[in-house]
Amino acid sequence: MQTRKPTLNKAPIYEYIFIIFICALSIFPFYFMIVSATNKSTDVIAGRMTPGLYLFQNFKTLLTTPTTSLWLALWNSLRTTTIQTLLSIFICSLAGYGFQVYRDKRKDTMMNILLLSMMIPFASTMVPLFKMFSTAHLLNTTLGFVLPSVSTAFLIFFFRQNSQAFPLETIQAARVDGLSEFGIYLRVYMPIMSPTFAAAAIVTFMNAWNNYMWPLIVLQKNNMRTMPLFVTGLTAGYVTDYGMLMLAVSIMTLPTIILFFTQQRRFVEGITGSVK
């Protein structure tokens, strides 16, 4: 008896057209940014959509900016962002781990207070933060950049929610084997929750790398400027070189693009709550 092969239901053609249109719409700003980095300013203003021959000239002009060195701004961003990411992941993961693993009647109330703090806009805390950091002599320092975001309600909540799928039996077994509580966190919790750590690291790194308002307030010296402040300084003159500006923006986006594409699988697993 001849068996029929199962037939797959093909999506209508207009669905493919819609998906292609949305993808093209999403990619277009990146394409225009990269193409504009190879053109001179007048071509960018005119809306030229094809690559030009001014990439090296724009790069040479970018290196001679009078305010801050490009390499110094890159180093400042990499240093402060890496420190903030590592500290945030460590502190928030410890808090999320504690909220889920240890039993306490008041921990839900504390979590609700933390979540309520997410409703407070940063603009309402800028002046008190500036006064506190100015009094503590933390202006123009890496510590001043890092401290306000070293522990966030979102990351603590993110780790707590993902920790709900963490097998608590492994903690009990590790305690029986004589492993300390911090040893359980380092040697059991972190390896199992590695996708969550990767997703949190990507989100934290991107937020810290693109942070503009707080660095503008706390980093007042030119030699402490990060990439967002460096790019903003390129538009401070009477005439803006848009080709050079687009090249600077392209360079600024490279670290986040590389980080995301190298950790894309772990990012998706962490966001969906996957536990290994």
# chains A, B, ... in the order shown; residues from 1 in each chain; ligands from 1
call {"tool": "residues_around", "arguments": {"residues": "Asn223 of chain A", "least_positions_apart": "4", "cutoff": "12 Å", "atoms": "only C-alpha atoms", "output": "PDB file with N, CA, C and O atoms, in the first residue's frame"}}
result
ATOM      1  N   PRO A  66      39.955  68.199  17.597  1.00  0.00           N
ATOM      2  CA  PRO A  66      40.699  68.940  18.631  1.00  0.00           C
ATOM      3  C   PRO A  66      40.255  68.661  20.060  1.00  0.00           C
ATOM      4  O   PRO A  66      40.985  68.973  20.995  1.00  0.00           O
ATOM      5  N   THR A  67      39.060  68.107  20.266  1.00  0.00           N
ATOM      6  CA  THR A  67      38.542  67.954  21.638  1.00  0.00           C
ATOM      7  C   THR A  67      39.126  66.727  22.341  1.00  0.00           C
ATOM      8  O   THR A  67      39.878  66.841  23.297  1.00  0.00           O
ATOM      9  N   THR A  68      38.776  65.544  21.855  1.00  0.00           N
ATOM     10  CA  THR A  68      39.206  64.296  22.482  1.00  0.00           C
ATOM     11  C   THR A  68      39.698  63.327  21.415  1.00  0.00           C
ATOM     12  O   THR A  68      39.133  63.262  20.327  1.00  0.00           O
ATOM     13  N   SER A  69      40.720  62.551  21.736  1.00  0.00           N
ATOM     14  CA  SER A  69      41.223  61.546  20.805  1.00  0.00           C
ATOM     15  C   SER A  69      40.211  60.412  20.661  1.00  0.00           C
ATOM     16  O   SER A  69      39.571  59.996  21.635  1.00  0.00           O
ATOM     17  N   LEU A  70      40.057  59.917  19.439  1.00  0.00           N
ATOM     18  CA  LEU A  70      39.156  58.794  19.180  1.00  0.00           C
ATOM     19  C   LEU A  70      39.564  57.575  19.993  1.00  0.00           C
ATOM     20  O   LEU A  70      38.722  56.909  20.615  1.00  0.00           O
ATOM     21  N   TRP A  71      40.873  57.263  20.003  1.00  0.00           N
ATOM     22  CA  TRP A  71      41.344  56.080  20.715  1.00  0.00           C
ATOM     23  C   TRP A  71      41.163  56.225  22.222  1.00  0.00           C
ATOM     24  O   TRP A  71      40.846  55.239  22.908  1.00  0.00           O
ATOM     25  N   LEU A  72      41.320  57.438  22.733  1.00  0.00           N
ATOM     26  CA  LEU A  72      41.113  57.670  24.160  1.00  0.00           C
ATOM     27  C   LEU A  72      39.639  57.493  24.532  1.00  0.00           C
ATOM     28  O   LEU A  72      39.316  56.904  25.572  1.00  0.00           O
ATOM     29  N   ALA A  73      38.752  58.006  23.676  1.00  0.00           N
ATOM     30  CA  ALA A  73      37.316  57.844  23.922  1.00  0.00           C
ATOM     31  C   ALA A  73      36.909  56.372  23.870  1.00  0.00           C
ATOM     32  O   ALA A  73      36.111  55.902  24.688  1.00  0.00           O
ATOM     33  N   LEU A  74      37.469  55.629  22.906  1.00  0.00           N
ATOM     34  CA  LEU A  74      37.196  54.194  22.829  1.00  0.00           C
ATOM     35  C   LEU A  74      37.690  53.472  24.077  1.00  0.00           C
ATOM     36  O   LEU A  74      36.985  52.606  24.623  1.00  0.00           O
ATOM     37  N   TRP A  75      38.883  53.799  24.528  1.00  0.00           N
ATOM     38  CA  TRP A  75      39.436  53.169  25.713  1.00  0.00           C
ATOM     39  C   TRP A  75      38.606  53.501  26.951  1.00  0.00           C
ATOM     40  O   TRP A  75      38.328  52.626  27.782  1.00  0.00           O
ATOM     41  N   ASN A  76      38.191  54.772  27.079  1.00  0.00           N
ATOM     42  CA  ASN A  76      37.351  55.160  28.214  1.00  0.00           C
ATOM     43  C   ASN A  76      36.042  54.380  28.226  1.00  0.00           C
ATOM     44  O   ASN A  76      35.590  53.905  29.279  1.00  0.00           O
ATOM     45  N   SER A  77      35.422  54.235  27.054  1.00  0.00           N
ATOM     46  CA  SER A  77      34.158  53.497  26.971  1.00  0.00           C
ATOM     47  C   SER A  77      34.350  52.022  27.292  1.00  0.00           C
ATOM     48  O   SER A  77      33.564  51.426  28.034  1.00  0.00           O
ATOM     49  N   ASN A 140      34.440  62.883  37.431  1.00  0.00           N
ATOM     50  CA  ASN A 140      35.554  62.570  36.524  1.00  0.00           C
ATOM     51  C   ASN A 140      36.334  61.338  36.973  1.00  0.00           C
ATOM     52  O   ASN A 140      37.568  61.279  36.848  1.00  0.00           O
ATOM     53  N   THR A 141      35.626  60.361  37.503  1.00  0.00           N
ATOM     54  CA  THR A 141      36.245  59.105  37.904  1.00  0.00           C
ATOM     55  C   THR A 141      35.449  57.936  37.332  1.00  0.00           C
ATOM     56  O   THR A 141      34.250  58.057  37.064  1.00  0.00           O
ATOM     57  N   THR A 142      36.117  56.806  37.168  1.00  0.00           N
ATOM     58  CA  THR A 142      35.439  55.598  36.697  1.00  0.00           C
ATOM     59  C   THR A 142      34.418  55.117  37.715  1.00  0.00           C
ATOM     60  O   THR A 142      33.331  54.650  37.354  1.00  0.00           O
ATOM     61  N   LEU A 219      31.249  63.102  33.979  1.00  0.00           N
ATOM     62  CA  LEU A 219      32.560  63.147  33.323  1.00  0.00           C
ATOM     63  C   LEU A 219      32.702  64.491  32.614  1.00  0.00           C
ATOM     64  O   LEU A 219      32.269  64.676  31.480  1.00  0.00           O
ATOM     65  N   MET A 227      32.562  57.357  24.240  1.00  0.00           N
ATOM     66  CA  MET A 227      32.213  57.469  22.820  1.00  0.00           C
ATOM     67  C   MET A 227      30.939  58.268  22.564  1.00  0.00           C
ATOM     68  O   MET A 227      30.910  59.079  21.633  1.00  0.00           O
ATOM     69  N   LEU A 229      29.782  60.787  24.218  1.00  0.00           N
ATOM     70  CA  LEU A 229      30.153  62.197  24.395  1.00  0.00           C
ATOM     71  C   LEU A 229      31.091  62.655  23.288  1.00  0.00           C
ATOM     72  O   LEU A 229      31.008  63.804  22.826  1.00  0.00           O
ATOM     73  N   PHE A 230      31.960  61.761  22.842  1.00  0.00           N
ATOM     74  CA  PHE A 230      32.869  62.088  21.740  1.00  0.00           C
ATOM     75  C   PHE A 230      32.089  62.360  20.461  1.00  0.00           C
ATOM     76  O   PHE A 230      32.359  63.340  19.751  1.00  0.00           O
TER      77      PHE A 230
END
call {"tool": "select_by_dssp", "arguments": {"residues": "segment 157-268 of chain A", "states": "alpha helix (DSSP H)", "output": "PyMOL selection string"}}
result
chain A and resi 157-163+168-176+181-184+190-192+194-209+213-218+227-233+242-262+264-268
call {"tool": "residues_around", "arguments": {"residues": "Met111 of chain A", "least_positions_apart": "2", "cutoff": "12 Å", "atoms": "only C-alpha atoms", "output": "PyMOL selection string"}}
result
chain A and resi 95-96+98-100+104-109+113-118+152-158+160-161
call {"tool": "atom_distance", "arguments": {"atom1": "atom CA of Met244 of chain A", "atom2": "atom CA of Asn210 of chain A"}}
result
19.1 Å
call {"tool": "residues_around", "arguments": {"residues": "Met193 of chain A", "least_positions_apart": "4", "cutoff": "12 Å", "atoms": "only C-alpha atoms", "output": "number ranges by chain"}}
result
A: 93, 96-97, 158-167, 185-189, 197-200, 266-267, 269-271, 273-276
call {"tool": "closest_atom_pairs", "arguments": {"of": "segment 150-241 of chain A", "to": "segment 37-45 of chain A", "cutoff": "12 Å", "atoms": "only C-alpha atoms", "output": "Markdown table"}}
result
| residue | atom | partner | partner_atom | distance |
| --- | --- | --- | --- | --- |
| A:Val239 | CA | A:Ser41 | CA | 10.0 |
| A:Thr240 | CA | A:Ser41 | CA | 8.0 |
| A:Asp241 | CA | A:Ser41 | CA | 5.3 |
call {"tool": "atom_distance", "arguments": {"atom1": "atom CA of Phe130 of chain A", "atom2": "atom CA of Leu234 of chain A"}}
result
25.4 Å
